[in-house]
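Notes follow the structure.
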Amino acid sequence: MTPTEEEHQLIMAAKAEPARFAPLYERYFGDIYRFLLRRAQDPDLTADLTQQSFLKAMLGLARYEPRGLPFRAWLYRIALNEVRMHWRKKKEVLIDLSYREVQGLSEEMGLEMDEHEMQRLAAAMSRLDVEKARLIELRYMDGLSFAELGQVLGIGEEAAKMRTHRVLGRLREQLVPRR
């Protein structure tokens, strides 16, 4: 049985009997918790947001349609909406990048960077609007595929690729010296 077939069986079982949602919860808890922790920066708040996300997923499972995309992407979209609602109520936005993540992003962009240049990349990231920064976070820090990214953001896979490449281009322009 392939992972996709196994996941489909778990989803169908949980749709038929909500008490059977536990295997899906256990499979994806770590991913969703880490995704939310990056945005909340508080373990207690993260636990609450994770719980709320899985509760909404379980309650909305009857309406879930795979459409050829992974269940995980659907969970990420729910979690992203939860954290957005939280920060909207607080009127705050938090974007936190570790040195390792900035280094990985610079490598993806094809830029060789010393510590000073990585600080410039982090500064350029902080100047992005929230939606563009979320796009980069989801793709490069959370490791979502373009298909998953599109589902989370409510756009097509090609649109996700195009938007990502535009943001990377904008970052490159800010970092490459003009001649």
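Convention: chains lettered A, B, ... in structure tokens order; per-chain residue numbering from 1; ligands numbered from 1 as shown.
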Using only C-alpha atoms, determine which residues lie at most 7 Å from Ala73 (chain A), disregarding the query and same-chain residues fewer than 4 positions distant; provide the list as a CSV table (one decimal) with C-alpha atoms, in the first residue's frame.
chain,number,residue,atom,x,y,z
A,77,ARG,CA,-3.9,26.0,5.3
A,148,GLU,CA,1.2,22.3,-1.4
A,151,GLN,CA,-3.2,24.8,-1.9
A,152,VAL,CA,-2.3,26.6,1.3
Which neighbours of Leu149 (chain A) fall inside 8 Å, counting only C-alpha atoms, when residues of the same chain fewer than 2 positions from it are skipped, and could you give them as a PyMOL selection string?
-> chain A and resi 73+135+138-139+144-147+151-153+157+160
Excluding same-chain residues fewer than 3 positions from Glu131 (chain A), what lies within 12 Å of it counting only C-alpha atoms, as an NGL selection string?
-> :A and (80 or 84 or 93 or 95 or 125-128 or 134-138 or 153 or 160 or 163-164 or 167)
DSSP on the backbone, then: every residue of chain A marked alpha helix (DSSP H), written as a ChimeraX atom specification.
-> /A:3-16,22-40,43-60,71-90,99-108,115-126,130-136,146-153,157-175
Point-to-point distance from CA of Asp42 (chain A) to CA of Ala133 (chain A), Å rounded to tenths |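 So the two atoms, CA of Asp42 (chain A) and CA of Ala133 (chain A), lie 19.9 Å apart.
Rounded to one decimal, CA of Phe21 (chain A) and CA of Ala57 (chain A) lie 9.4 Å from each other.
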Find, counting only C-alpha atoms, the residue in A:Arg72, A:Arg172, A:His116, A:Arg67 that gets nearest to Tyr28 (chain A).
-> A:Arg72
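The space between CA of Ala14 (chain A) and CA of Phe71 (chain A) spans 12.7 Å.
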Write out as a list in words each polymer residue whose atoms come within 12 Å of Glu17 (chain A), counting only C-alpha atoms; drop sequence neighbours fewer than 6 positions from it.
->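 Here the qualifying residues turn out to be Leu10, Ile11, Met58, Leu59, Leu61 and Ala62 of chain A.
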So which residues touch Arg27 (chain A) within 12 Å, counting only C-alpha atoms, skipping near sequence neighbours fewer than 2 positions away, as a PyMOL selection string?
-> chain A and resi 3+6-7+10-11+21-25+29-33+54+71-72+75
Long-range neighbours of Ala124 (chain A) as a PyMOL selection string, 9 Å cut-off, only C-alpha atoms, 3 positions minimum in chain = chain A and resi 119-121+127-128+171+174-175
